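Asker: The file below is data.pdb, PDB, C-alpha atoms:
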ATOM      1  CA  MET A   1      33.806  40.452 -73.205
ATOM      2  CA  THR A   2      30.003  40.582 -73.411
ATOM      3  CA  THR A   3      28.138  37.283 -73.547
ATOM      4  CA  GLN A   4      25.134  37.391 -75.885
ATOM      5  CA  PHE A   5      22.044  35.547 -74.677
ATOM      6  CA  ILE A   6      20.237  33.804 -77.514
ATOM      7  CA  GLN A   7      16.487  33.277 -77.163
ATOM      8  CA  PRO A   8      14.962  29.829 -77.896
ATOM      9  CA  VAL A   9      12.907  31.484 -80.639
ATOM     10  CA  ASP A  10      16.156  32.149 -82.512
ATOM     11  CA  GLU A  11      17.666  28.683 -81.999
ATOM     12  CA  LEU A  12      14.783  26.194 -82.202
ATOM     13  CA  PHE A  13      13.129  25.700 -85.577
ATOM     14  CA  THR A  14      11.329  22.359 -85.887
ATOM     15  CA  LEU A  15       8.543  20.921 -83.793
ATOM     16  CA  ARG A  16      10.997  18.223 -82.717
ATOM     17  CA  ASP A  17      13.306  20.969 -81.364
ATOM     18  CA  TRP A  18      10.474  22.565 -79.406
ATOM     19  CA  LEU A  19       9.194  19.251 -78.082
ATOM     20  CA  ARG A  20      12.616  18.367 -76.665
ATOM     21  CA  PHE A  21      12.976  21.857 -75.208
ATOM     22  CA  ALA A  22       9.537  21.746 -73.576
ATOM     23  CA  VAL A  23      10.084  18.305 -72.023
ATOM     24  CA  SER A  24      13.419  19.430 -70.560
ATOM     25  CA  ARG A  25      11.901  22.570 -69.067
ATOM     26  CA  PHE A  26       8.845  20.752 -67.698
ATOM     27  CA  GLU A  27      11.011  18.114 -66.036
ATOM     28  CA  ALA A  28      13.251  20.763 -64.485
ATOM     29  CA  ALA A  29      10.215  22.658 -63.194
ATOM     30  CA  HIS A  30       8.690  19.506 -61.590
ATOM     31  CA  LEU A  31       5.244  20.188 -62.995
ATOM     32  CA  VAL A  32       2.229  18.129 -61.941
ATOM     33  CA  TYR A  33       0.038  16.474 -64.580
ATOM     34  CA  GLY A  34      -3.327  14.731 -64.625
ATOM     35  CA  HIS A  35      -5.499  16.995 -66.768
ATOM     36  CA  GLY A  36      -5.459  14.821 -69.866
ATOM     37  CA  THR A  37      -1.799  13.790 -69.683
ATOM     38  CA  SER A  38       0.359  11.957 -67.145
ATOM     39  CA  ASN A  39       3.941  12.959 -68.011
ATOM     40  CA  ALA A  40       6.129  15.736 -69.393
ATOM     41  CA  PHE A  41       6.355  14.320 -72.929
ATOM     42  CA  ASP A  42       2.585  13.963 -73.418
ATOM     43  CA  GLU A  43       1.983  17.368 -71.833
ATOM     44  CA  ALA A  44       4.502  19.032 -74.158
ATOM     45  CA  ALA A  45       3.082  17.275 -77.216
ATOM     46  CA  PHE A  46      -0.466  18.296 -76.313
ATOM     47  CA  LEU A  47       0.470  21.895 -75.578
ATOM     48  CA  LEU A  48       2.431  22.318 -78.813
ATOM     49  CA  LEU A  49       0.066  20.465 -81.150
ATOM     50  CA  ALA A  50      -3.058  22.168 -79.834
ATOM     51  CA  GLY A  51      -1.307  25.511 -79.642
ATOM     52  CA  LEU A  52      -0.315  25.231 -83.307
ATOM     53  CA  ASN A  53      -3.799  24.071 -84.349
ATOM     54  CA  LEU A  54      -2.555  20.606 -85.308
ATOM     55  CA  PRO A  55      -4.417  17.329 -84.620
ATOM     56  CA  ILE A  56      -3.564  16.363 -81.032
ATOM     57  CA  ASP A  57      -3.519  12.633 -81.815
ATOM     58  CA  THR A  58      -0.880  12.776 -84.587
ATOM     59  CA  LEU A  59       2.642  13.874 -83.719
ATOM     60  CA  GLU A  60       4.990  12.026 -86.072
ATOM     61  CA  PRO A  61       4.088  13.770 -89.372
ATOM     62  CA  TRP A  62       4.853  17.206 -87.948
ATOM     63  CA  LEU A  63       8.066  16.585 -85.995
ATOM     64  CA  ASP A  64      10.485  17.842 -88.640
ATOM     65  CA  CYS A  65       8.292  20.658 -89.901
ATOM     66  CA  ARG A  66       9.831  24.105 -89.395
ATOM     67  CA  LEU A  67       7.766  26.614 -87.451
ATOM     68  CA  THR A  68       7.318  30.181 -88.617
ATOM     69  CA  ARG A  69       8.686  32.870 -86.345
ATOM     70  CA  ALA A  70       5.184  33.710 -85.146
ATOM     71  CA  GLU A  71       4.612  30.034 -84.320
ATOM     72  CA  ARG A  72       7.926  29.847 -82.466
ATOM     73  CA  ILE A  73       7.004  32.881 -80.393
ATOM     74  CA  LYS A  74       3.661  31.290 -79.531
ATOM     75  CA  ALA A  75       5.281  27.961 -78.602
ATOM     76  CA  ASP A  76       7.768  29.740 -76.342
ATOM     77  CA  ALA A  77       4.969  31.717 -74.665
ATOM     78  CA  LEU A  78       2.882  28.582 -74.004
ATOM     79  CA  ILE A  79       5.805  26.672 -72.521
ATOM     80  CA  SER A  80       6.730  29.600 -70.279
ATOM     81  CA  ALA A  81       3.118  30.133 -69.194
ATOM     82  CA  ARG A  82       2.720  26.465 -68.253
ATOM     83  CA  ILE A  83       5.759  26.733 -65.987
ATOM     84  CA  ASP A  84       5.208  30.231 -64.590
ATOM     85  CA  GLN A  85       1.459  30.008 -63.970
ATOM     86  CA  ARG A  86       1.278  26.321 -62.946
ATOM     87  CA  VAL A  87      -2.236  25.921 -64.334
ATOM     88  CA  PRO A  88      -3.525  22.949 -66.363
ATOM     89  CA  ALA A  89      -2.580  23.126 -70.036
ATOM     90  CA  PRO A  90      -6.256  23.082 -71.150
ATOM     91  CA  TYR A  91      -6.755  26.439 -69.412
ATOM     92  CA  LEU A  92      -3.929  27.976 -71.443
ATOM     93  CA  LEU A  93      -5.498  26.661 -74.649
ATOM     94  CA  HIS A  94      -9.157  26.991 -73.568
ATOM     95  CA  SER A  95      -9.612  23.482 -74.928
ATOM     96  CA  ALA A  96     -10.112  20.016 -73.474
ATOM     97  CA  TRP A  97     -10.910  16.746 -75.226
ATOM     98  CA  ILE A  98     -12.927  13.653 -74.325
ATOM     99  CA  GLY A  99     -12.930  10.866 -76.887
ATOM    100  CA  GLY A 100     -11.858  13.178 -79.681
ATOM    101  CA  ARG A 101     -14.504  15.781 -78.867
ATOM    102  CA  ARG A 102     -13.327  19.283 -78.020
ATOM    103  CA  PHE A 103     -14.841  21.477 -75.295
ATOM    104  CA  TYR A 104     -14.147  25.054 -74.268
ATOM    105  CA  VAL A 105     -12.792  25.373 -70.711
ATOM    106  CA  ASP A 106     -11.461  28.079 -68.429
ATOM    107  CA  GLU A 107     -10.921  28.515 -64.690
ATOM    108  CA  ARG A 108     -14.688  28.603 -64.037
ATOM    109  CA  VAL A 109     -14.963  24.837 -64.576
ATOM    110  CA  ILE A 110     -12.968  21.733 -63.766
ATOM    111  CA  VAL A 111     -10.987  20.361 -66.710
ATOM    112  CA  PRO A 112     -13.115  17.503 -68.167
ATOM    113  CA  ARG A 113     -11.594  14.048 -67.620
ATOM    114  CA  SER A 114     -14.477  11.714 -66.913
ATOM    115  CA  PHE A 115     -14.521   7.943 -67.275
ATOM    116  CA  ILE A 116     -18.272   8.225 -67.852
ATOM    117  CA  GLY A 117     -17.396  10.251 -70.926
ATOM    118  CA  GLU A 118     -15.142   7.434 -72.114
ATOM    119  CA  LEU A 119     -17.969   4.916 -71.659
ATOM    120  CA  LEU A 120     -20.457   7.115 -73.501
ATOM    121  CA  VAL A 121     -18.113   7.673 -76.436
ATOM    122  CA  LYS A 122     -17.053   4.027 -76.638
ATOM    123  CA  ASP A 123     -20.463   2.330 -76.742
ATOM    124  CA  ALA A 124     -23.141   4.578 -75.193
ATOM    125  CA  LEU A 125     -22.974   2.702 -71.854
ATOM    126  CA  ALA A 126     -23.947  -0.519 -73.632
ATOM    127  CA  SER A 127     -23.388  -2.700 -70.539
ATOM    128  CA  VAL A 128     -26.267  -0.965 -68.720
ATOM    129  CA  VAL A 129     -28.140   0.690 -71.606
ATOM    130  CA  PRO A 130     -28.799  -2.089 -74.153
ATOM    131  CA  ASP A 131     -30.911   0.126 -76.427
ATOM    132  CA  PRO A 132     -29.716   3.732 -76.873
ATOM    133  CA  ALA A 133     -32.957   4.583 -78.680
ATOM    134  CA  ALA A 134     -34.890   3.759 -75.491
ATOM    135  CA  ILE A 135     -33.336   6.714 -73.651
ATOM    136  CA  GLY A 136     -35.913   9.469 -74.034
ATOM    137  CA  THR A 137     -34.836  11.612 -71.086
ATOM    138  CA  ALA A 138     -31.509  11.938 -69.300
ATOM    139  CA  LEU A 139     -30.219  14.014 -66.405
ATOM    140  CA  ASP A 140     -26.599  15.117 -65.921
ATOM    141  CA  LEU A 141     -25.969  16.332 -62.366
ATOM    142  CA  CYS A 142     -22.875  18.465 -61.617
ATOM    143  CA  THR A 143     -22.512  19.122 -65.332
ATOM    144  CA  GLY A 144     -19.633  21.637 -65.088
ATOM    145  CA  SER A 145     -18.589  22.481 -68.651
ATOM    146  CA  GLY A 146     -21.559  20.518 -70.001
ATOM    147  CA  CYS A 147     -19.316  17.931 -71.648
ATOM    148  CA  LEU A 148     -21.146  14.824 -70.381
ATOM    149  CA  ALA A 149     -24.550  16.259 -71.268
ATOM    150  CA  ILE A 150     -23.302  16.949 -74.791
ATOM    151  CA  ILE A 151     -21.735  13.512 -75.203
ATOM    152  CA  ALA A 152     -24.948  11.926 -73.871
ATOM    153  CA  ALA A 153     -27.015  13.900 -76.386
ATOM    154  CA  LEU A 154     -24.791  12.575 -79.178
ATOM    155  CA  ALA A 155     -24.907   9.008 -77.829
ATOM    156  CA  PHE A 156     -28.694   9.002 -77.343
ATOM    157  CA  PRO A 157     -30.152  10.874 -80.325
ATOM    158  CA  ALA A 158     -33.754  10.510 -79.121
ATOM    159  CA  ALA A 159     -33.073  11.900 -75.668
ATOM    160  CA  ARG A 160     -33.936  15.256 -74.156
ATOM    161  CA  ILE A 161     -31.150  16.131 -71.713
ATOM    162  CA  THR A 162     -31.420  18.147 -68.500
ATOM    163  CA  ALA A 163     -28.049  19.294 -67.156
ATOM    164  CA  SER A 164     -27.587  21.066 -63.834
ATOM    165  CA  ASP A 165     -24.879  22.594 -61.690
ATOM    166  CA  ILE A 166     -24.843  24.651 -58.506
ATOM    167  CA  SER A 167     -22.278  27.036 -60.025
ATOM    168  CA  LYS A 168     -23.595  29.920 -62.099
ATOM    169  CA  ASP A 169     -20.124  30.393 -63.597
ATOM    170  CA  ALA A 170     -19.939  26.757 -64.680
ATOM    171  CA  LEU A 171     -23.320  27.015 -66.376
ATOM    172  CA  THR A 172     -22.068  30.008 -68.371
ATOM    173  CA  VAL A 173     -19.309  27.802 -69.794
ATOM    174  CA  ALA A 174     -21.786  24.954 -70.355
ATOM    175  CA  HIS A 175     -24.054  27.288 -72.345
ATOM    176  CA  ARG A 176     -21.113  28.119 -74.602
ATOM    177  CA  ASN A 177     -20.299  24.465 -75.243
ATOM    178  CA  VAL A 178     -23.928  23.509 -75.842
ATOM    179  CA  GLY A 179     -24.139  26.335 -78.361
ATOM    180  CA  ASP A 180     -20.917  25.238 -80.063
ATOM    181  CA  TYR A 181     -22.452  21.787 -80.599
ATOM    182  CA  GLU A 182     -25.792  23.309 -81.705
ATOM    183  CA  LEU A 183     -27.671  21.313 -79.061
ATOM    184  CA  ALA A 184     -29.578  24.102 -77.306
ATOM    185  CA  GLU A 185     -32.902  22.615 -78.443
ATOM    186  CA  ARG A 186     -32.124  19.273 -76.788
ATOM    187  CA  ILE A 187     -30.178  20.243 -73.655
ATOM    188  CA  ASP A 188     -31.795  22.254 -70.870
ATOM    189  CA  LEU A 189     -29.306  23.856 -68.457
ATOM    190  CA  ILE A 190     -30.554  24.464 -64.915
ATOM    191  CA  ARG A 191     -28.938  25.895 -61.813
ATOM    192  CA  SER A 192     -29.635  23.447 -59.011
ATOM    193  CA  ASP A 193     -28.069  21.960 -55.901
ATOM    194  CA  LEU A 194     -28.336  18.338 -57.065
ATOM    195  CA  PHE A 195     -32.071  17.477 -57.243
ATOM    196  CA  ALA A 196     -33.335  20.594 -55.416
ATOM    197  CA  ASP A 197     -34.588  22.511 -58.478
ATOM    198  CA  ILE A 198     -34.868  19.691 -60.997
ATOM    199  CA  PRO A 199     -38.314  19.540 -62.639
ATOM    200  CA  ASP A 200     -40.666  16.947 -61.169
ATOM    201  CA  GLN A 201     -40.219  14.266 -63.799
ATOM    202  CA  ARG A 202     -38.668  10.846 -64.327
ATOM    203  CA  PHE A 203     -35.480  10.188 -66.280
ATOM    204  CA  ASP A 204     -34.423   7.065 -68.158
ATOM    205  CA  LEU A 205     -30.794   7.801 -67.305
ATOM    206  CA  ILE A 206     -29.075   9.858 -64.621
ATOM    207  CA  ILE A 207     -25.332  10.421 -64.889
ATOM    208  CA  SER A 208     -23.053  12.345 -62.554
ATOM    209  CA  ASN A 209     -19.362  13.072 -62.124
ATOM    210  CA  PRO A 210     -19.707  14.837 -58.748
ATOM    211  CA  PRO A 211     -17.059  16.226 -56.378
ATOM    212  CA  TYR A 212     -15.452  13.173 -54.732
ATOM    213  CA  VAL A 213     -12.044  14.249 -53.421
ATOM    214  CA  THR A 214     -11.440  14.032 -49.671
ATOM    215  CA  ALA A 215     -11.041  17.277 -47.743
ATOM    216  CA  SER A 216      -7.481  16.369 -46.741
ATOM    217  CA  ALA A 217      -6.505  15.693 -50.365
ATOM    218  CA  VAL A 218      -8.010  19.013 -51.479
ATOM    219  CA  ALA A 219      -5.997  20.808 -48.779
ATOM    220  CA  ALA A 220      -2.801  19.224 -50.134
ATOM    221  CA  PHE A 221      -3.467  19.994 -53.815
ATOM    222  CA  PRO A 222      -0.521  21.136 -55.974
ATOM    223  CA  PRO A 223      -0.955  24.433 -57.873
ATOM    224  CA  GLU A 224      -2.366  22.774 -61.012
ATOM    225  CA  TYR A 225      -5.290  21.327 -59.062
ATOM    226  CA  ARG A 226      -5.765  24.422 -56.901
ATOM    227  CA  ALA A 227      -6.307  26.341 -60.141
ATOM    228  CA  GLU A 228      -9.607  24.492 -60.608
ATOM    229  CA  PRO A 229     -12.794  25.436 -58.704
ATOM    230  CA  LYS A 230     -12.598  23.907 -55.213
ATOM    231  CA  LEU A 231     -16.355  23.357 -55.340
ATOM    232  CA  ALA A 232     -15.865  20.895 -58.206
ATOM    233  CA  HIS A 233     -13.466  18.723 -56.170
ATOM    234  CA  ASP A 234     -14.420  18.885 -52.478
ATOM    235  CA  GLY A 235     -16.483  15.861 -51.479
ATOM    236  CA  GLY A 236     -16.166  16.287 -47.701
ATOM    237  CA  VAL A 237     -14.194  14.313 -45.155
ATOM    238  CA  ASP A 238     -14.355  10.974 -46.986
ATOM    239  CA  GLY A 239     -15.033  12.459 -50.406
ATOM    240  CA  LEU A 240     -18.495  10.932 -50.669
ATOM    241  CA  ASP A 241     -20.885  13.553 -49.263
ATOM    242  CA  ILE A 242     -22.430  14.296 -52.661
ATOM    243  CA  VAL A 243     -22.463  10.629 -53.683
ATOM    244  CA  HIS A 244     -24.554   9.679 -50.632
ATOM    245  CA  ARG A 245     -27.013  12.460 -51.424
ATOM    246  CA  LEU A 246     -27.325  11.130 -54.974
ATOM    247  CA  LEU A 247     -27.991   7.622 -53.729
ATOM    248  CA  ASP A 248     -30.652   8.817 -51.287
ATOM    249  CA  ARG A 249     -32.691  10.748 -53.874
ATOM    250  CA  ALA A 250     -32.098   9.165 -57.275
ATOM    251  CA  ALA A 251     -35.005   6.693 -56.975
ATOM    252  CA  ASP A 252     -37.449   9.627 -56.914
ATOM    253  CA  PHE A 253     -36.265  10.799 -60.337
ATOM    254  CA  LEU A 254     -35.682   7.577 -62.265
ATOM    255  CA  SER A 255     -38.224   5.985 -64.580
ATOM    256  CA  PRO A 256     -39.178   2.347 -63.755
ATOM    257  CA  ASN A 257     -36.464   1.015 -66.055
ATOM    258  CA  GLY A 258     -34.071   3.865 -65.430
ATOM    259  CA  VAL A 259     -30.352   3.642 -64.658
ATOM    260  CA  LEU A 260     -28.047   5.692 -62.436
ATOM    261  CA  VAL A 261     -24.341   6.021 -63.385
ATOM    262  CA  VAL A 262     -21.937   7.825 -61.029
ATOM    263  CA  GLU A 263     -18.175   8.388 -60.964
ATOM    264  CA  VAL A 264     -16.438   8.160 -57.561
ATOM    265  CA  GLY A 265     -12.701   8.128 -58.309
ATOM    266  CA  ASP A 266     -10.843   5.925 -55.836
ATOM    267  CA  GLY A 267     -13.726   5.930 -53.347
ATOM    268  CA  ARG A 268     -14.991   2.414 -54.093
ATOM    269  CA  GLU A 269     -13.687   0.746 -50.931
ATOM    270  CA  VAL A 270     -14.994   3.477 -48.621
ATOM    271  CA  LEU A 271     -18.343   3.592 -50.411
ATOM    272  CA  GLU A 272     -18.907  -0.170 -50.292
ATOM    273  CA  ALA A 273     -18.004  -0.218 -46.596
ATOM    274  CA  ALA A 274     -20.446   2.617 -45.886
ATOM    275  CA  ARG A 275     -23.303   1.146 -47.996
ATOM    276  CA  PRO A 276     -23.012  -2.671 -47.763
ATOM    277  CA  ASP A 277     -26.718  -2.979 -48.609
ATOM    278  CA  ILE A 278     -26.260  -1.583 -52.120
ATOM    279  CA  PRO A 279     -25.497  -3.963 -55.049
ATOM    280  CA  PHE A 280     -23.104  -1.690 -56.949
ATOM    281  CA  LEU A 281     -22.280  -2.700 -60.523
ATOM    282  CA  TRP A 282     -18.814  -1.374 -61.371
ATOM    283  CA  LEU A 283     -18.141  -0.270 -64.951
ATOM    284  CA  ASP A 284     -14.483  -0.463 -65.970
ATOM    285  CA  THR A 285     -12.864   1.372 -68.868
ATOM    286  CA  GLU A 286      -9.588   0.859 -70.698
ATOM    287  CA  THR A 287      -7.898   3.211 -68.233
ATOM    288  CA  SER A 288      -9.859   2.697 -65.007
ATOM    289  CA  GLU A 289     -11.133  -0.024 -62.702
ATOM    290  CA  GLY A 290     -13.817   0.393 -60.051
ATOM    291  CA  GLU A 291     -14.256   4.146 -60.470
ATOM    292  CA  VAL A 292     -17.755   4.253 -62.000
ATOM    293  CA  PHE A 293     -20.798   2.444 -60.627
ATOM    294  CA  SER A 294     -24.271   1.797 -61.960
ATOM    295  CA  LEU A 295     -27.561   1.028 -60.215
ATOM    296  CA  THR A 296     -31.030   0.403 -61.600
ATOM    297  CA  ALA A 297     -34.199   2.152 -60.521
ATOM    298  CA  GLU A 298     -35.360  -1.206 -59.181
ATOM    299  CA  ASP A 299     -32.256  -1.460 -56.964
ATOM    300  CA  LEU A 300     -32.659   2.046 -55.602
ATOM    301  CA  THR A 301     -36.408   1.743 -55.049
ATOM    302  CA  ALA A 302     -35.942  -1.501 -53.120
ATOM    303  CA  LEU A 303     -33.297   0.161 -50.945
ATOM    304  CA  ARG A 304     -35.506   3.167 -50.291
ATOM    305  CA  ASN A 305     -38.471   0.971 -49.380
ATOM    306  CA  ALA A 306     -36.316  -1.116 -47.043
ATOM    307  CA  LYS A 307     -35.078   2.038 -45.356
ATOM    308  CA  GLN A 308     -38.615   3.321 -44.920
ATOM    309  CA  ASN A 309     -39.735  -0.025 -43.481
ATOM    310  CA  ARG A 310     -36.879   0.014 -40.968
ATOM    311  CA  ARG A 311     -37.849   3.516 -39.918
ATOM    312  CA  SER A 312     -41.488   2.473 -39.510
ATOM    313  CA  ASP A 313     -40.475  -0.534 -37.417
ATOM    314  CA  LYS A 314     -38.403   1.656 -35.102
ATOM    315  CA  GLN A 315     -41.293   4.088 -34.671
ATOM    316  CA  SER A 316     -43.684   1.198 -33.896
ATOM    317  CA  LYS A 317     -41.336  -0.156 -31.242
ATOM    318  CA  ARG A 318     -41.120   3.256 -29.580
ATOM    319  CA  ARG A 319     -44.886   3.291 -29.219
TER
END
What do you get writing this file as C-alpha cells?

Answerer:
Amino acid sequence: MTTQFIQPVDELFTLRDWLRFAVSRFEAAHLVYGHGTSNAFDEAAFLLLAGLNLPIDTLEPWLDCRLTRAERIKADALISARIDQRVPAPYLLHSAWIGGRRFYVDERVIVPRSFIGELLVKDALASVVPDPAAIGTALDLCTGSGCLAIIAALAFPAARITASDISKDALTVAHRNVGDYELAERIDLIRSDLFADIPDQRFDLIISNPPYVTASAVAAFPPEYRAEPKLAHDGGVDGLDIVHRLLDRAADFLSPNGVLVVEVGDGREVLEAARPDIPFLWLDTETSEGEVFSLTAEDLTALRNAKQNRRSDKQSKRR
C-alpha cells in the first residue's frame, strides 16, 4: 500500500494554522532569534504577517482568515527558508522595523535593532536634547543601513545630517533607504573610517551604534549572526575598540553645546572600569538598561584638556 504525503499547502488554510505550524517547526529546528524578535512565536508572526503584506503589529484580526493558494505557497517557502538558510527573518523579507518605520535590509548590512533608534522615535532624545529645533547639524557614525540617520532627520526637522560608514556595500543600502524616505537633500552619505574623512565642521549631535561585540563572542556566533557582516559586530578583544576611538576624537567635532550618544551593548561595566575619569550618563529605554551613554561637548573637552595637561607634565619631568 502506497502512503500519500500531503504537503502543508494542501492541509493548512488559515493564518492561525500556519502560525501554529511555523512555531512547531521553528522550535524543532532550534533557531536562534534576536533580530527583532526573541522567541519562535514572535518570529513566526513577524515572518507571516510581513510576508503577506499585513501590518506586523496586528495579529488577532487576521488569524482566522483563509489564505489563497499563492499565499500558502509563499508562507511555506518563507518558513522553510528560515529553517534551511538560518539567516535573520528580515533578510528573507528585505525589511526591518524600528519604532514602526520600515527599512530595506540585506546581507550587506546588519539588521537594525538600535536602542538609540528607540530613544529617537520615543522623544527625540529629550533627556539630553531639550530642544529638537536647536539641532542644526548631526553626525551618524557607523550608519549601516542609514536607519538612525533617517530617524534623526525625522526627529530633528531643522537638522542637516551627515552619515558615514567604512563599508561601501553598507552605504549602497543606506542610499536606497535615504531615497525611499525622500531625504537625499538633508542626509549626506560619506565613506569614512569613523572621523577620518568627515568634513572639518562641528555637529550639535553625534550618534553612533558601532561594532561592540567581543572577538570571542563573534567567534562563537550562531548561523543567524554569522549571516551579518562581521565588520558590523567585531569590536576587538573587549568589544570597545571603536568606542574608545569615538571618545578620543568626538570633542574635535562637537559644537560647544553638542552631545555625543553611543550604544555599547553590555559593555558598560568594562567601559566604566577602563575610563573611570569619564562621567557617563546612561540612557535607559523600555527594553534596555545601561546600553546607551551620553556625554556633552563640555565633558569631552575637559577630558581631552586634562589628558593633554598630563602629557605635558610628563614631558616636562623628562626634561

Asker: Could you write out as a PyMOL selection string the residues that the PyMOL selection byres ((chain A and resi 203) around 7) matches in the shown file?

Answerer: chain A and resi 137-139+201-202+204-206+253-255+258

Asker: Taking the file as I've supplied it (selection: the PyMOL selection byres ((chain A and resi 268) around 10)), which residues are included? Please answer as a ChimeraX atom specification.

Answerer: /A:240,263-267,269-274,280,282,289-293

Asker: Name the residues captured by the PyMOL selection byres ((chain A and resi 94) around 7) when it is applied to the shown file; answer as a list of chain:residue names.

Answerer: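 So the PyMOL selection byres ((chain A and resi 94) around 7), applied here, picks out A:Pro90, A:Tyr91, A:Leu92, A:Leu93, A:Ser95, A:Tyr104, A:Val105, A:Asp106.
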
Asker: To one decimal place in Å, what is the distance between CA of Asp140 in chain A and CA of Ala174 in chain A?

Answerer: 11.8 Å

Asker: Find, counting all atoms listed in the file, the residue in A:Lys307, A:Lys74, A:His175, A:His233 that gets nearest to Ala219 in chain A.

Answerer: A:His233

Asker: In Å, rounded to a single decimal, give me how far CA of Gly99 in chain A is from CA of Pro130 in chain A.

Answerer: 20.7 Å

Asker: I'd like to know which of A:Ala134, A:Ala40, A:Leu12, A:Val32 is closest to Asp76 in chain A, using all atoms listed in the file.

Answerer: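 Answer, going by the shortest atom-to-atom distance: A:Leu12.
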
Asker: Taking all atoms listed in the file into account, name the residue in A:Asp238, A:Asp200, A:Asp277, A:Asp180 that is nearest to Asp299 in chain A.

Answerer: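 Closest to Asp299 in chain A of all the choices is A:Asp277.
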
Asker: By how many Å are CA of Leu295 in chain A and CA of Leu260 in chain A apart?

Answerer: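 Taking CA of Leu295 in chain A and CA of Leu260 in chain A, their separation equals 5.2 Å.
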
Asker: Using only C-alpha atoms, which protein or nucleic acid residues come within 9 Å of Gly136 in chain A? Drop anything in the same chain fewer than 4 positions from it, and give the result as a ChimeraX atom specification.

Answerer: /A:132,156-161,203-205

Asker: Restricting the calculation to all atoms listed in the file, which member of A:Gly146, A:Gly51, A:Gly239, A:Pro210 is positioned closest to Gly179 in chain A?

Answerer: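 The answer is A:Gly146, which sits nearest to Gly179 in chain A.
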
Asker: Need the axis-aligned box for range 223-235 of chain A with 5 Å each side, so what are the centre and edges in Å to one decimal, as AutoDock Vina command-line options?

Answerer:
--center_x -8.7 --center_y 21.1 --center_z -56.2 --size_x 25.5 --size_y 20.5 --size_z 19.5

Asker: Just want the 9 Å neighbourhood of Leu31 in chain A, counted on only C-alpha atoms, with same-chain residues fewer than 2 positions away dropped. Output as a list of chain:residue names.

Answerer: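 My reading of the contact set: A:Phe26, A:Glu27, A:Ala28, A:Ala29, A:Tyr33, A:Asn39, A:Ala40, A:Arg82, A:Ile83, A:Arg86, A:Glu224.
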
Asker: Of the candidates A:Ile116, A:Leu125, A:Leu300, A:Val262, which one gets nearest to Pro279 in chain A if we count all atoms listed in the file?

Answerer: A:Leu300

Asker: Which residue gives the smallest distance to Arg72 in chain A among A:Glu118, A:Asp10, A:Asp131, A:Asp57, with only C-alpha atoms counted?

Answerer: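 Of the candidates, the smallest distance to Arg72 in chain A is held by A:Asp10.
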
Asker: Can you tell me, as a PDB file with C-alpha atoms, keeping the file's coordinate frame, what residues are no more than 10 Å from Thr301 in chain A when counting only C-alpha atoms, ignoring any on the same chain fewer than 2 positions away?

Answerer:
ATOM      1  CA  ASP A 248     -30.652   8.817 -51.287  1.00  0.00           C
ATOM      2  CA  ARG A 249     -32.691  10.748 -53.874  1.00  0.00           C
ATOM      3  CA  ALA A 250     -32.098   9.165 -57.275  1.00  0.00           C
ATOM      4  CA  ALA A 251     -35.005   6.693 -56.975  1.00  0.00           C
ATOM      5  CA  ASP A 252     -37.449   9.627 -56.914  1.00  0.00           C
ATOM      6  CA  LEU A 254     -35.682   7.577 -62.265  1.00  0.00           C
ATOM      7  CA  PRO A 256     -39.178   2.347 -63.755  1.00  0.00           C
ATOM      8  CA  THR A 296     -31.030   0.403 -61.600  1.00  0.00           C
ATOM      9  CA  ALA A 297     -34.199   2.152 -60.521  1.00  0.00           C
ATOM     10  CA  GLU A 298     -35.360  -1.206 -59.181  1.00  0.00           C
ATOM     11  CA  ASP A 299     -32.256  -1.460 -56.964  1.00  0.00           C
ATOM     12  CA  LEU A 303     -33.297   0.161 -50.945  1.00  0.00           C
ATOM     13  CA  ARG A 304     -35.506   3.167 -50.291  1.00  0.00           C
ATOM     14  CA  ASN A 305     -38.471   0.971 -49.380  1.00  0.00           C
ATOM     15  CA  ALA A 306     -36.316  -1.116 -47.043  1.00  0.00           C
ATOM     16  CA  LYS A 307     -35.078   2.038 -45.356  1.00  0.00           C
TER      17      LYS A 307
END

Asker: Just write range 65-74 of chain A with N, CA and C atoms, as a compact mmCIF listing (two decimals), in the first residue's frame, taken from the block above.

Answerer:
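Just written: part.txt:
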# COMPACT_ATOMS: atom_id res chain seq x y z
N CYS A 65 -8.47 34.23 9.00
CA CYS A 65 -8.62 34.50 7.57
C CYS A 65 -7.96 33.37 6.78
N ARG A 66 -8.63 32.92 5.72
CA ARG A 66 -8.09 31.86 4.87
C ARG A 66 -7.12 32.46 3.84
N LEU A 67 -6.00 31.80 3.65
CA LEU A 67 -5.01 32.25 2.70
C LEU A 67 -5.30 31.65 1.32
N THR A 68 -5.04 32.43 0.29
CA THR A 68 -5.15 31.89 -1.06
C THR A 68 -4.03 30.86 -1.26
N ARG A 69 -4.16 30.08 -2.30
CA ARG A 69 -3.13 29.07 -2.55
C ARG A 69 -1.77 29.73 -2.76
N ALA A 70 -1.75 30.82 -3.50
CA ALA A 70 -0.48 31.51 -3.72
C ALA A 70 0.12 32.00 -2.39
N GLU A 71 -0.73 32.48 -1.50
CA GLU A 71 -0.25 32.93 -0.19
C GLU A 71 0.25 31.76 0.65
N ARG A 72 -0.41 30.61 0.53
CA ARG A 72 0.03 29.43 1.28
C ARG A 72 1.38 28.94 0.77
N ILE A 73 1.57 28.99 -0.51
CA ILE A 73 2.86 28.60 -1.09
C ILE A 73 3.97 29.54 -0.60
N LYS A 74 3.67 30.82 -0.55
CA LYS A 74 4.66 31.80 -0.08
C LYS A 74 4.97 31.58 1.39
